[in-house]
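Next comes query21.txt, with compact mmCIF, C-alpha atoms.
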```
# COMPACT_ATOMS: atom_id res chain seq x y z
CA MET A 1 142.81 158.61 142.22
CA LYS A 2 141.67 157.28 145.61
CA GLU A 3 138.21 156.79 144.09
CA LEU A 4 139.69 154.66 141.30
CA GLN A 5 141.81 152.59 143.69
CA ASP A 6 138.87 152.03 146.06
CA LEU A 7 136.64 150.95 143.20
CA ALA A 8 139.29 148.51 141.92
CA HIS A 9 139.73 147.19 145.46
CA LYS A 10 136.00 146.62 145.80
CA LEU A 11 135.62 144.93 142.40
CA LEU A 12 138.54 142.59 143.04
CA SER A 13 137.67 141.72 146.65
CA ASP A 14 134.00 141.14 145.75
CA GLY A 15 135.12 138.81 142.97
CA ALA A 16 133.14 140.83 140.39
CA VAL A 17 136.28 140.81 138.25
CA THR A 18 139.62 139.00 138.48
CA VAL A 19 141.81 141.61 136.81
CA VAL A 20 141.72 145.40 136.58
CA MET A 21 143.52 146.82 133.56
CA GLY A 22 144.79 150.27 134.37
CA TRP A 23 147.91 152.37 134.59
CA GLU A 24 150.66 152.44 137.21
CA GLN A 25 153.89 154.30 137.83
CA GLY A 26 156.77 152.40 136.25
CA PRO A 27 160.51 152.96 136.44
CA ARG A 28 160.30 155.23 133.38
CA GLY A 29 156.98 157.02 133.34
CA VAL A 30 153.55 155.50 133.37
CA ARG A 31 152.92 151.99 132.10
CA PRO A 32 149.92 149.68 131.73
CA ALA A 33 149.20 147.50 134.75
CA MET A 34 147.26 144.30 135.25
CA ILE A 35 146.05 144.37 138.85
CA THR A 36 144.94 140.89 139.92
CA THR A 37 144.74 141.22 143.71
CA ALA A 38 142.83 143.76 145.80
CA ALA A 39 145.98 144.40 147.83
CA ASN A 40 147.69 145.80 144.76
CA SER A 41 144.91 148.17 143.76
CA HIS A 42 146.74 151.11 145.39
CA ARG A 43 149.16 150.97 142.44
CA LEU A 44 146.54 152.30 140.03
CA ILE A 45 146.91 155.91 138.96
CA PHE A 46 145.39 158.27 136.44
CA ASP A 47 147.07 161.45 135.24
CA PRO A 48 147.91 163.09 131.87
CA ARG A 49 150.70 160.56 131.30
CA CYS A 50 148.14 157.72 130.96
CA VAL A 51 148.45 157.81 127.19
CA HIS A 52 148.04 154.10 126.40
CA ASN A 53 144.80 152.86 124.93
CA LEU A 54 144.26 149.81 127.14
CA ALA A 55 141.35 148.56 125.00
CA THR A 56 143.98 146.78 122.93
CA TYR A 57 144.26 144.27 125.81
CA LEU A 58 140.61 143.28 125.29
CA ASN A 59 141.32 142.44 121.66
CA PRO A 60 140.62 138.71 121.14
CA ARG A 61 143.91 138.51 119.22
CA ARG A 62 145.62 138.71 122.63
CA SER A 63 144.26 135.33 123.64
CA HIS A 64 146.90 134.85 126.36
CA LEU A 65 145.17 137.56 128.43
CA LYS A 66 142.03 135.43 128.60
CA SER A 67 143.70 133.36 131.33
CA LEU A 68 143.50 136.41 133.62
CA GLY A 69 139.74 135.94 133.77
CA LYS A 70 137.04 138.55 133.72
CA PRO A 71 138.51 142.03 133.22
CA ALA A 72 137.62 145.50 134.38
CA ILE A 73 139.22 148.14 132.21
CA VAL A 74 139.98 151.77 132.95
CA VAL A 75 139.17 153.91 129.93
CA LYS A 76 139.46 157.51 128.83
CA GLY A 77 136.85 158.76 126.38
CA CYS A 78 138.93 157.82 123.34
CA ASP A 79 139.62 154.33 124.75
CA ALA A 80 135.89 153.81 125.36
CA LYS A 81 135.35 154.26 121.60
CA ALA A 82 137.70 151.35 120.99
CA VAL A 83 135.86 149.17 123.52
CA ALA A 84 132.60 150.13 121.78
CA GLY A 85 134.18 149.23 118.44
CA LEU A 86 135.10 145.76 119.69
CA ILE A 87 131.54 145.27 120.98
CA ARG A 88 130.04 146.66 117.75
CA GLU A 89 132.05 144.18 115.71
CA SER A 90 131.18 141.22 117.97
CA GLN A 91 134.73 140.73 119.22
CA ILE A 92 133.77 140.99 122.87
CA LYS A 93 130.48 140.92 124.73
CA ARG A 94 129.38 143.94 126.73
CA GLU A 95 128.59 141.80 129.78
CA ASP A 96 132.05 140.21 129.72
CA VAL A 97 133.85 143.42 130.66
CA VAL A 98 133.42 145.98 133.44
CA ILE A 99 134.20 149.45 132.13
CA ILE A 100 135.57 152.05 134.52
CA GLY A 101 135.49 155.44 132.81
CA VAL A 102 137.73 158.29 133.91
CA ARG A 103 137.03 161.94 133.15
CA CYS A 104 139.96 163.14 131.09
CA GLY A 105 141.49 166.57 130.73
CA GLY A 106 143.87 165.64 127.93
CA VAL A 107 147.06 163.60 127.85
CA VAL A 108 150.67 164.36 127.02
CA ARG A 109 152.39 162.94 123.95
CA LYS A 110 154.43 160.23 125.66
CA PRO A 111 153.95 158.38 128.96
CA THR A 112 157.56 159.15 129.90
CA GLN A 113 156.97 162.90 129.85
CA ALA A 114 156.19 165.09 132.86
CA PRO A 115 152.43 165.18 133.60
CA GLU A 116 152.10 168.96 133.08
CA LEU A 117 149.82 169.87 130.19
CA THR A 118 150.93 172.86 128.14
CA THR A 119 150.46 173.83 124.49
CA ASP A 120 153.78 172.13 123.79
CA THR A 121 153.30 168.90 125.71
CA VAL A 122 149.60 168.14 125.04
CA SER A 123 148.85 165.44 122.51
CA PRO A 124 147.55 167.07 119.30
CA ARG A 125 144.54 164.77 119.21
CA CYS A 126 143.22 166.12 122.51
CA GLY A 127 142.39 169.42 120.80
CA ARG A 128 139.83 167.63 118.64
CA CYS A 129 138.45 165.52 121.50
CA ASP A 130 134.69 165.07 121.65
CA ALA A 131 134.63 162.43 124.40
CA ARG A 132 136.31 163.78 127.53
CA GLU A 133 133.74 161.96 129.61
CA PRO A 134 133.14 158.39 128.37
CA LYS A 135 129.49 157.35 128.15
CA LEU A 136 129.88 153.60 127.68
CA VAL A 137 130.75 152.91 131.33
CA ASP A 138 129.69 150.90 134.35
CA HIS A 139 131.43 153.25 136.76
CA LEU A 140 132.57 156.82 136.16
CA VAL A 141 135.30 158.17 138.42
CA GLY A 142 137.46 161.22 138.87
CA PRO A 143 136.70 164.93 139.06
CA ALA A 144 135.68 166.94 135.99
CA LEU A 145 138.90 168.41 134.60
CA PRO A 146 139.43 171.66 132.72
CA GLU A 147 139.69 171.61 128.92
CA PRO A 148 143.11 170.59 127.61
CA PRO A 149 145.25 173.40 126.21
CA LYS A 150 145.10 173.73 122.44
CA THR A 151 148.16 172.29 120.76
CA CYS A 152 150.43 174.73 118.99
CA SER A 153 151.48 172.23 116.31
CA VAL A 154 150.22 172.91 112.75
CA ASP A 155 147.31 171.03 111.23
CA MET A 156 149.34 168.82 108.91
CA VAL A 157 146.24 167.12 107.50
CA ALA A 158 144.89 170.40 106.14
CA ARG A 159 148.34 171.41 104.92
CA LEU A 160 148.79 168.13 103.03
CA GLU A 161 145.30 168.37 101.54
CA GLN A 162 146.18 171.75 100.07
CA MET A 163 149.48 170.60 98.57
CA PRO A 164 149.68 169.73 94.87
CA VAL A 165 149.34 166.00 94.39
CA GLN A 166 153.01 165.52 93.39
CA GLU A 167 154.20 167.16 96.61
CA ARG A 168 152.00 164.84 98.64
CA TRP A 169 153.52 161.93 96.76
CA ALA A 170 157.02 163.16 97.55
CA PHE A 171 156.08 163.71 101.21
CA TRP A 172 154.76 160.19 101.69
CA ARG A 173 157.54 158.61 99.65
CA GLU A 174 160.01 160.24 102.01
CA GLU A 175 158.09 159.31 105.17
CA LEU A 176 157.35 155.73 104.13
CA SER A 177 160.93 155.10 103.04
CA ARG A 178 161.77 154.94 106.77
CA CYS A 179 159.23 152.19 107.51
CA ILE A 180 160.95 148.96 108.56
CA ARG A 181 157.74 146.92 108.43
CA CYS A 182 157.89 145.92 112.08
CA HIS A 183 154.07 146.09 112.09
CA ALA A 184 154.07 147.81 115.49
CA CYS A 185 151.22 149.96 114.16
CA ARG A 186 149.15 146.83 113.71
CA GLU A 187 150.18 145.15 116.94
CA ILE A 188 149.27 148.07 119.17
CA CYS A 189 146.00 148.85 117.42
CA PRO A 190 142.91 147.95 119.48
CA MET A 191 140.86 147.64 116.31
CA CYS A 192 143.18 145.27 114.37
CA PHE A 193 141.77 141.86 115.23
CA CYS A 194 142.03 139.62 112.14
CA SER A 195 143.38 136.23 113.21
CA THR A 196 145.55 136.22 110.06
CA CYS A 197 146.56 139.62 108.74
CA VAL A 198 146.56 140.10 104.97
CA ALA A 199 150.12 141.40 105.32
CA ASP A 200 151.21 137.99 106.66
CA LYS A 201 149.65 135.96 103.87
CA SER A 202 152.09 134.57 101.35
CA ARG A 203 149.82 132.66 98.98
CA PRO A 204 148.90 134.91 97.29
CA GLN A 205 151.18 137.57 98.65
CA TRP A 206 149.14 140.75 98.29
CA ILE A 207 151.56 142.88 100.24
CA GLU A 208 155.29 142.43 99.78
CA THR A 209 157.12 141.74 103.02
CA SER A 210 160.30 143.64 102.20
CA ALA A 211 160.54 147.19 103.48
CA THR A 212 160.61 149.04 100.18
CA PRO A 213 158.62 152.26 99.77
CA ARG A 214 156.37 150.43 97.31
CA ALA A 215 155.52 147.66 99.78
CA ASN A 216 155.24 150.16 102.62
CA LEU A 217 152.77 152.25 100.65
CA ALA A 218 150.69 149.16 99.86
CA TRP A 219 150.74 148.17 103.54
CA GLN A 220 149.76 151.58 104.87
CA MET A 221 147.02 152.12 102.28
CA THR A 222 145.58 148.70 103.11
CA ARG A 223 145.78 149.35 106.84
CA VAL A 224 144.05 152.70 106.44
CA MET A 225 141.32 151.17 104.29
CA HIS A 226 140.69 148.61 107.01
CA MET A 227 140.55 151.40 109.60
CA ALA A 228 138.10 153.61 107.70
CA GLY A 229 135.11 154.33 109.90
CA ARG A 230 136.66 152.24 112.69
CA CYS A 231 139.77 154.12 113.81
CA VAL A 232 139.09 155.81 117.13
CA GLY A 233 141.93 158.28 116.68
CA CYS A 234 143.80 157.23 119.82
CA GLY A 235 147.11 157.84 118.06
CA GLU A 236 148.72 154.67 119.45
CA CYS A 237 150.08 153.62 116.02
CA THR A 238 151.91 156.92 115.68
CA ARG A 239 153.32 156.56 119.18
CA ALA A 240 154.41 152.96 118.58
CA CYS A 241 156.10 153.67 115.25
CA PRO A 242 159.88 153.40 115.74
CA ALA A 243 160.46 155.30 112.49
CA GLU A 244 158.19 158.15 113.66
CA ILE A 245 156.05 158.08 110.54
CA PRO A 246 153.01 160.35 111.00
CA LEU A 247 150.50 157.55 110.45
CA GLY A 248 147.82 159.49 112.31
CA LEU A 249 147.62 162.00 109.46
CA ILE A 250 146.28 159.43 107.00
CA LEU A 251 143.82 158.10 109.57
CA ALA A 252 142.65 161.61 110.50
CA HIS A 253 142.16 162.46 106.83
CA VAL A 254 140.09 159.33 106.26
CA ALA A 255 138.04 159.99 109.41
CA GLN A 256 137.24 163.47 108.07
CA SER A 257 136.32 162.09 104.69
CA VAL A 258 134.07 159.42 106.24
CA GLU A 259 132.36 162.08 108.35
CA GLN A 260 131.76 164.35 105.37
CA ARG A 261 130.56 161.61 103.06
CA PHE A 262 128.55 159.39 105.34
CA SER A 263 127.81 161.75 108.28
CA TYR A 264 129.41 159.18 110.56
CA ARG A 265 131.70 159.93 113.44
CA VAL A 266 133.24 157.15 115.52
CA SER A 267 131.65 157.23 118.97
CA ASP A 268 131.38 155.05 122.05
CA ASP A 269 127.88 153.94 121.08
CA PRO A 270 128.26 150.25 120.14
CA THR A 271 124.82 150.05 118.52
CA LEU A 272 125.60 152.34 115.55
CA PRO A 273 126.66 150.28 112.52
CA ALA A 274 130.08 151.05 111.05
CA PRO A 275 129.90 153.03 107.78
CA VAL A 276 131.92 150.55 105.73
CA GLY A 277 129.83 147.43 105.64
CA ALA A 278 126.64 149.47 105.74
CA PHE A 279 125.34 151.64 102.88
CA LYS A 280 122.55 153.92 101.78
CA THR A 281 121.02 153.56 98.35
CA ASP A 282 121.42 157.31 97.80
CA ASP A 283 125.07 157.65 98.81
CA ALA A 284 126.89 160.39 96.90
CA GLN A 285 128.51 159.11 93.70
CA GLU A 286 129.83 162.27 92.05
CA PHE A 287 133.11 160.47 91.27
CA ILE A 288 131.45 157.64 89.32
CA LEU A 289 130.94 157.98 85.56
CA MET B 1 155.23 164.21 86.11
CA THR B 2 156.54 163.63 82.61
CA GLU B 3 155.66 165.62 79.49
CA PRO B 4 152.56 164.37 77.67
CA ASN B 5 153.81 161.88 75.14
CA GLU B 6 151.67 161.25 72.07
CA SER B 7 153.40 157.99 71.27
CA PHE B 8 152.96 156.63 74.80
CA GLU B 9 150.44 153.80 74.99
CA PRO B 10 149.14 153.48 78.54
CA LYS B 11 148.51 150.13 80.14
CA ILE B 12 145.11 150.13 81.77
CA VAL B 13 143.58 147.40 83.88
CA ALA B 14 139.80 147.20 84.12
CA PHE B 15 138.21 145.32 87.01
CA VAL B 16 134.66 144.66 85.90
CA CYS B 17 131.69 142.75 87.19
CA ASN B 18 130.54 139.66 85.36
CA TRP B 19 126.90 140.60 85.10
CA CYS B 20 126.87 144.14 83.75
CA THR B 21 130.10 145.70 82.59
CA TYR B 22 131.69 142.50 81.29
CA THR B 23 128.55 141.79 79.27
CA GLY B 24 128.47 145.45 78.21
CA ALA B 25 132.09 145.22 77.05
CA ASP B 26 131.18 142.04 75.21
CA LEU B 27 128.33 143.89 73.52
CA ALA B 28 130.73 146.67 72.52
CA GLY B 29 132.91 144.01 70.90
CA THR B 30 130.12 142.19 69.06
CA SER B 31 128.73 145.55 67.94
CA ARG B 32 132.17 146.23 66.39
CA LEU B 33 132.57 149.54 68.23
CA GLN B 34 136.03 151.03 67.76
CA MET B 35 137.85 151.75 71.02
CA ALA B 36 141.33 152.12 72.41
CA PRO B 37 143.09 148.76 72.71
CA ASN B 38 144.88 149.75 75.93
CA VAL B 39 142.51 148.13 78.40
CA ARG B 40 143.01 144.66 79.87
CA VAL B 41 139.79 143.37 81.33
CA VAL B 42 139.74 141.33 84.54
CA ARG B 43 136.34 139.78 85.17
CA LEU B 44 135.09 139.38 88.72
CA PRO B 45 131.74 138.23 90.06
CA CYS B 46 130.76 141.64 91.40
CA THR B 47 132.23 145.08 92.14
CA GLY B 48 131.76 144.11 95.78
CA ARG B 49 134.49 141.50 95.19
CA ILE B 50 137.04 144.14 94.19
CA ASP B 51 139.44 144.74 97.04
CA PRO B 52 141.40 148.02 96.92
CA LEU B 53 144.47 145.77 97.01
CA PHE B 54 143.64 144.70 93.44
CA VAL B 55 144.10 148.30 92.34
CA ILE B 56 147.31 148.68 94.36
CA LYS B 57 148.65 145.46 92.84
CA ALA B 58 147.80 146.65 89.33
CA PHE B 59 149.82 149.82 89.87
CA GLU B 60 152.67 147.81 91.42
CA ARG B 61 152.81 145.53 88.39
CA GLY B 62 153.03 148.40 85.93
CA ALA B 63 149.53 149.65 85.21
CA ASP B 64 149.32 153.33 84.32
CA GLY B 65 145.60 153.51 84.98
CA VAL B 66 142.77 151.46 86.44
CA ILE B 67 139.06 151.22 85.65
CA VAL B 68 136.59 149.78 88.14
CA SER B 69 133.17 149.21 86.69
CA GLY B 70 130.00 147.35 87.55
CA CYS B 71 126.23 147.39 87.65
CA HIS B 72 124.24 150.57 88.15
CA PRO B 73 122.80 151.09 91.64
CA ALA B 74 119.74 148.88 92.22
CA ASP B 75 120.88 146.53 89.41
CA CYS B 76 123.38 144.39 91.33
CA HIS B 77 123.02 140.69 90.64
CA TYR B 78 123.76 140.12 94.32
CA THR B 79 121.39 142.90 95.43
CA ALA B 80 123.87 145.13 97.25
CA GLY B 81 127.45 144.42 96.13
CA ASN B 82 127.76 147.64 94.17
CA TYR B 83 126.45 149.73 97.09
CA HIS B 84 129.21 148.32 99.29
CA ALA B 85 131.75 148.90 96.54
CA ARG B 86 130.60 152.50 96.14
CA ARG B 87 131.33 153.30 99.78
CA ARG B 88 134.63 151.46 99.70
CA PHE B 89 135.84 153.21 96.57
CA ALA B 90 134.68 156.63 97.73
CA ILE B 91 137.09 156.18 100.65
CA PHE B 92 139.82 154.51 98.60
CA ARG B 93 139.79 157.36 96.11
CA ASP B 94 140.38 159.80 98.97
CA VAL B 95 143.19 157.63 100.35
CA LEU B 96 144.90 157.43 96.96
CA SER B 97 144.62 161.16 96.50
CA PHE B 98 145.93 161.88 100.00
CA MET B 99 148.92 159.60 99.40
CA GLY B 100 149.72 161.56 96.22
CA VAL B 101 148.24 159.42 93.44
CA ASP B 102 146.53 161.52 90.76
CA THR B 103 142.87 160.44 90.82
CA GLY B 104 142.83 160.88 87.03
CA ARG B 105 144.52 157.49 86.84
CA ILE B 106 141.52 155.70 88.25
CA THR B 107 138.02 155.62 86.80
CA PHE B 108 134.89 154.34 88.48
CA SER B 109 131.85 153.78 86.33
CA TRP B 110 128.54 152.01 86.13
CA VAL B 111 128.12 150.28 82.77
CA SER B 112 125.12 148.01 82.27
CA ALA B 113 124.93 144.99 79.96
CA SER B 114 123.18 147.07 77.29
CA GLU B 115 125.59 150.03 77.40
CA GLY B 116 128.24 148.96 74.90
CA GLY B 117 128.55 152.54 73.74
CA LYS B 118 129.10 153.82 77.26
CA TRP B 119 131.86 151.24 77.79
CA ARG B 120 133.59 152.48 74.64
CA ASP B 121 133.39 156.05 75.97
CA VAL B 122 134.73 155.04 79.40
CA VAL B 123 137.65 153.20 77.77
CA ASN B 124 138.46 156.03 75.37
CA GLU B 125 138.17 158.77 77.98
CA THR B 126 140.29 156.91 80.51
CA THR B 127 142.95 156.04 77.93
CA GLU B 128 143.16 159.65 76.80
CA ARG B 129 143.31 160.97 80.36
CA VAL B 130 146.06 158.54 81.37
CA ARG B 131 147.96 159.27 78.15
CA GLN B 132 148.02 162.94 79.14
CA LEU B 133 149.23 162.03 82.66
CA GLY B 134 152.05 159.95 81.18
CA PRO B 135 153.51 156.66 82.37
CA PHE B 136 153.15 156.05 86.10
CA ILE B 137 156.89 155.92 86.64
CA ASP B 138 156.47 157.48 90.09
CA TYR B 139 154.87 154.28 91.33
CA GLN B 140 157.05 151.92 89.31
CA ALA B 141 160.23 153.61 90.59
CA LEU B 142 159.19 152.98 94.19
CA SER B 143 160.28 149.37 93.95
CA PHE B 144 163.86 150.41 93.30
CA ALA B 145 164.00 152.92 96.11
CA SER B 146 165.08 151.34 99.35
CA ALA B 147 165.21 152.75 102.83
CA ALA B 148 168.99 152.93 102.55
CA MET B 149 168.85 155.11 99.47
CA PRO B 150 170.12 158.63 100.11
CA LYS B 151 167.79 161.56 99.56
CA GLY B 152 167.78 162.82 95.98
CA ALA B 153 169.68 159.83 94.60
CA GLU B 154 169.09 158.91 90.95
CA LEU B 155 166.62 156.14 90.28
CA PRO B 156 167.39 153.55 87.61
CA SER B 157 165.39 154.42 84.50
```
Is it possible to give me this structure as structure tokens?
Amino acid sequence: MKELQDLAHKLLSDGAVTVVMGWEQGPRGVRPAMITTAANSHRLIFDPRCVHNLATYLNPRRSHLKSLGKPAIVVKGCDAKAVAGLIRESQIKREDVVIIGVRCGGVVRKPTQAPELTTDTVSPRCGRCDAREPKLVDHLVGPALPEPPKTCSVDMVARLEQMPVQERWAFWREELSRCIRCHACREICPMCFCSTCVADKSRPQWIETSATPRANLAWQMTRVMHMAGRCVGCGECTRACPAEIPLGLILAHVAQSVEQRFSYRVSDDPTLPAPVGAFKTDDAQEFIL
Amino acid sequence: MTEPNESFEPKIVAFVCNWCTYTGADLAGTSRLQMAPNVRVVRLPCTGRIDPLFVIKAFERGADGVIVSGCHPADCHYTAGNYHARRRFAIFRDVLSFMGVDTGRITFSWVSASEGGKWRDVVNETTERVRQLGPFIDYQALSFASAAMPKGAELPS
């Protein structure tokens, strides 16, 4: 942690950056912090409660953050994938951001939890993690940490895939009936950067604005289609959802399907083209008559 | 799912590309091929123009089945539109299935301008398949169900 604070202090006092985006201790658990003066760099921390994907603050949609000047951002491996995604899709320039990678040993489910990692408290996504040490970095800090404990929660994606199609329908109808269409899933997402979202368009209105299961299904299917091959699996949408809809299940399913079909896994390499938007002439087409 | 109903006439929306399938369907018509009259054709410039939202909207507005059809690979009028569409619909099909929509309700096909007979077969097969699946009341009933509706409450029929 001292290493991280010293690095932030150096970057800010040298004038290499004008803001360091990291995490700090808040009144209720860990919260994101924008450190703008070297004197405040001692506030930065990193522990398993640093759940937030801070890459969302680099999203050009958050134009008000531009006034903070050149940023340095502290990233875990999963967050680095989101930064790479923004670079890959020409939303930010690599040279416009200083990336401080931290070696991660898994995070808990919520930033308000205790920092101890057990099979009950660890975030389920950490069990599938393939990026505990980010590669797209300017500085890499922190000691190498042991592997996160495997979560004891069931693999709901596999369970849903095995269900008969009518049961899946009933499951999602039930889950999506709770959606209040607050669009928190979109707002927190580091990869949602359209200046006007299709869900906000009214002429023509492709997605109804009322929170009926029909409109909610249309919204979530559209969101997932836009995330295919782009979602970094940070799970922030699931965490932000006030109705606790397991949105991550759909995204995880689509990520698996993209990997099987197009041999593409989202990584922190910004030079690989995204699978939707690219194609191969011999892509599988067993479903086409 | 409802019982198969022989008297049920499914409503099917076909999103087709201007250059191949629309011309193919036209050929089927001028060749006087007999086919099911259940399909409403929507002509678009290219399969690459077909947003998955079109399909969602068709189901929302009462379609029981959807056909998406365009040029064979390597035949796209715009060089690569159908290749992009193929990737998009491979994923969309998985999404639909994962959300609980029977993939039998949606047909993807390549029909060229000279394949009037193939278009007839696609239309007849899809109509028959959707007829067996019955009306898509599951989707249509969603609009009546609100968040406030108690679990297991009766839906208006």
> When the cut-off is 7 Å and we count all atoms listed in the file, which residues of chain B are near chain A, given as an MDAnalysis selection string?
Replying inline: chainID B and resid 53 56 83:84 87:88 92 95 98:102 108:110 142:143 145:147
> Which neighbours of Gln113 in chain A fall inside 8 Å, counting all atoms listed in the file, when residues of the same chain fewer than 4 positions from it are skipped, and could you give them as an MDAnalysis selection string?
Replying inline: chainID A and resid 29 49 108:109
>> With all atoms listed in the file as the counted atoms, please give the residues lying no more than 12 Å from Ala114 in chain A, apart from itself and same-chain residues fewer than 2 positions off, as a list in words.
In response: Arg28, Gly29, Val30, Asp47, Pro48, Arg49, Cys50, Val107, Val108, Arg109, Lys110, Pro111, Thr112, Glu116, Leu117, Thr118, Asp120, Thr121 and Val122 of chain A
> Hey, what's within 9 Å of range 81-88 of chain A if we count only C-alpha atoms and toss same-chain stuff fewer than 6 positions away? As an MDAnalysis selection string, please?
Replying inline: chainID A and resid 53 55:56 58:59 75 94 99 131 134 136 190:191 193 230:232 234 266:274
> Which distance in Å separates CA of Gly69 in chain A and CA of Val17 in chain A, to one decimal?
Replying inline: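 One can read the CA of Gly69 in chain A to CA of Val17 in chain A distance as 7.5 Å.
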>> So the first atom is CA of Lys2 in chain A and the second is CA of His42 in chain A; what is the distance between them in Å, to one decimal place?
In response: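 Computing it gives 8.0 Å between the two atoms.
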>> Would you compute the distance between CA of Ala158 in chain A and CA of Gly77 in chain A? Give it in Å to one decimal.
In response: 24.7 Å
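With only C-alpha atoms taken into account, the protein and nucleic acid residues at most 10 Å from His183 in chain A (excluding it and anything under 2 positions from it in its own chain) are Cys179, Ile180, Arg181, Cys185, Arg186, Glu187, Ile188, Ala199, Trp219, Cys237, Ala240 and Cys241 of chain A.
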>> Just want the 9 Å neighbourhood of Glu9 in chain B, counted on all atoms listed in the file, with same-chain residues fewer than 4 positions away dropped. Output as a VMD selection string.
In response: chain B and resid 5 38 127 131 134 to 135
>> I'd like to know which of A:Cys189, A:Cys129, A:Gln25, A:Val98 is closest to Arg62 in chain A, using all atoms listed in the file.
In response: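 Distance minimum relative to Arg62 in chain A lands on A:Cys189.
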Dump as a tab-separated table (two decimals) with C-alpha atoms, in the frame of the given file all residues having an atom at most 12 Å from (146.2, 149.5, 142.7), computed in the file's coordinates with only C-alpha atoms.
```
chain	number	residue	atom	x	y	z
A	1	MET	CA	142.81	158.61	142.22
A	2	LYS	CA	141.67	157.28	145.61
A	3	GLU	CA	138.21	156.79	144.09
A	4	LEU	CA	139.69	154.66	141.30
A	5	GLN	CA	141.81	152.59	143.69
A	6	ASP	CA	138.87	152.03	146.06
A	7	LEU	CA	136.64	150.95	143.20
A	8	ALA	CA	139.29	148.51	141.92
A	9	HIS	CA	139.73	147.19	145.46
A	10	LYS	CA	136.00	146.62	145.80
A	11	LEU	CA	135.62	144.93	142.40
A	12	LEU	CA	138.54	142.59	143.04
A	19	VAL	CA	141.81	141.61	136.81
A	20	VAL	CA	141.72	145.40	136.58
A	21	MET	CA	143.52	146.82	133.56
A	22	GLY	CA	144.79	150.27	134.37
A	23	TRP	CA	147.91	152.37	134.59
A	24	GLU	CA	150.66	152.44	137.21
A	25	GLN	CA	153.89	154.30	137.83
A	32	PRO	CA	149.92	149.68	131.73
A	33	ALA	CA	149.20	147.50	134.75
A	34	MET	CA	147.26	144.30	135.25
A	35	ILE	CA	146.05	144.37	138.85
A	36	THR	CA	144.94	140.89	139.92
A	37	THR	CA	144.74	141.22	143.71
A	38	ALA	CA	142.83	143.76	145.80
A	39	ALA	CA	145.98	144.40	147.83
A	40	ASN	CA	147.69	145.80	144.76
A	41	SER	CA	144.91	148.17	143.76
A	42	HIS	CA	146.74	151.11	145.39
A	43	ARG	CA	149.16	150.97	142.44
A	44	LEU	CA	146.54	152.30	140.03
A	45	ILE	CA	146.91	155.91	138.96
A	46	PHE	CA	145.39	158.27	136.44
A	74	VAL	CA	139.98	151.77	132.95
```
Padding 5 Å on every side, please: axis-aligned box over the listed atoms of range 95-101 of chain A, centre and edge lengths to one decimal in Å, as AutoDock Vina command-line options.
```
--center_x 132.1 --center_y 147.8 --center_z 132.1 --size_x 17.0 --size_y 25.2 --size_z 14.8
```
> Which is closer to Ser114 in chain B than all the others in B:Asp138, B:Asp26, B:Glu128, B:Asp94, using all atoms listed in the file?
Replying inline: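 Among the listed residues, B:Asp26 lies closest to Ser114 in chain B.
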My structure is short of atoms at range 141-151 of chain A; please model N, CA and C atoms there, returning them as a PDB file, in the frame of the given file.
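Result file rebuild32.pdb:
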```pdb
ATOM      1  N   VAL A 141     134.564 157.648 137.277  1.00  0.00           N
ATOM      2  CA  VAL A 141     135.300 158.170 138.420  1.00  0.00           C
ATOM      3  C   VAL A 141     136.098 159.416 138.039  1.00  0.00           C
ATOM      4  N   GLY A 142     136.577 160.077 139.068  1.00  0.00           N
ATOM      5  CA  GLY A 142     137.460 161.220 138.870  1.00  0.00           C
ATOM      6  C   GLY A 142     136.685 162.515 138.777  1.00  0.00           C
ATOM      7  N   PRO A 143     137.356 163.625 139.135  1.00  0.00           N
ATOM      8  CA  PRO A 143     136.700 164.930 139.060  1.00  0.00           C
ATOM      9  C   PRO A 143     136.653 165.411 137.602  1.00  0.00           C
ATOM     10  N   ALA A 144     135.699 166.316 137.325  1.00  0.00           N
ATOM     11  CA  ALA A 144     135.680 166.940 135.990  1.00  0.00           C
ATOM     12  C   ALA A 144     136.911 167.828 135.868  1.00  0.00           C
ATOM     13  N   LEU A 145     137.647 167.680 134.779  1.00  0.00           N
ATOM     14  CA  LEU A 145     138.900 168.410 134.600  1.00  0.00           C
ATOM     15  C   LEU A 145     138.721 169.527 133.591  1.00  0.00           C
ATOM     16  N   PRO A 146     139.556 170.568 133.692  1.00  0.00           N
ATOM     17  CA  PRO A 146     139.430 171.660 132.720  1.00  0.00           C
ATOM     18  C   PRO A 146     139.794 171.179 131.310  1.00  0.00           C
ATOM     19  N   GLU A 147     139.377 171.949 130.309  1.00  0.00           N
ATOM     20  CA  GLU A 147     139.690 171.610 128.920  1.00  0.00           C
ATOM     21  C   GLU A 147     141.195 171.552 128.712  1.00  0.00           C
ATOM     22  N   PRO A 148     141.676 170.621 127.879  1.00  0.00           N
ATOM     23  CA  PRO A 148     143.110 170.590 127.610  1.00  0.00           C
ATOM     24  C   PRO A 148     143.532 171.814 126.825  1.00  0.00           C
ATOM     25  N   PRO A 149     144.781 172.266 127.010  1.00  0.00           N
ATOM     26  CA  PRO A 149     145.250 173.400 126.210  1.00  0.00           C
ATOM     27  C   PRO A 149     145.286 173.017 124.734  1.00  0.00           C
ATOM     28  N   LYS A 150     145.055 173.999 123.887  1.00  0.00           N
ATOM     29  CA  LYS A 150     145.100 173.730 122.440  1.00  0.00           C
ATOM     30  C   LYS A 150     146.556 173.552 122.013  1.00  0.00           C
ATOM     31  N   THR A 151     146.793 172.527 121.198  1.00  0.00           N
ATOM     32  CA  THR A 151     148.160 172.290 120.760  1.00  0.00           C
ATOM     33  C   THR A 151     148.615 173.400 119.838  1.00  0.00           C
TER      34      THR A 151
END
```
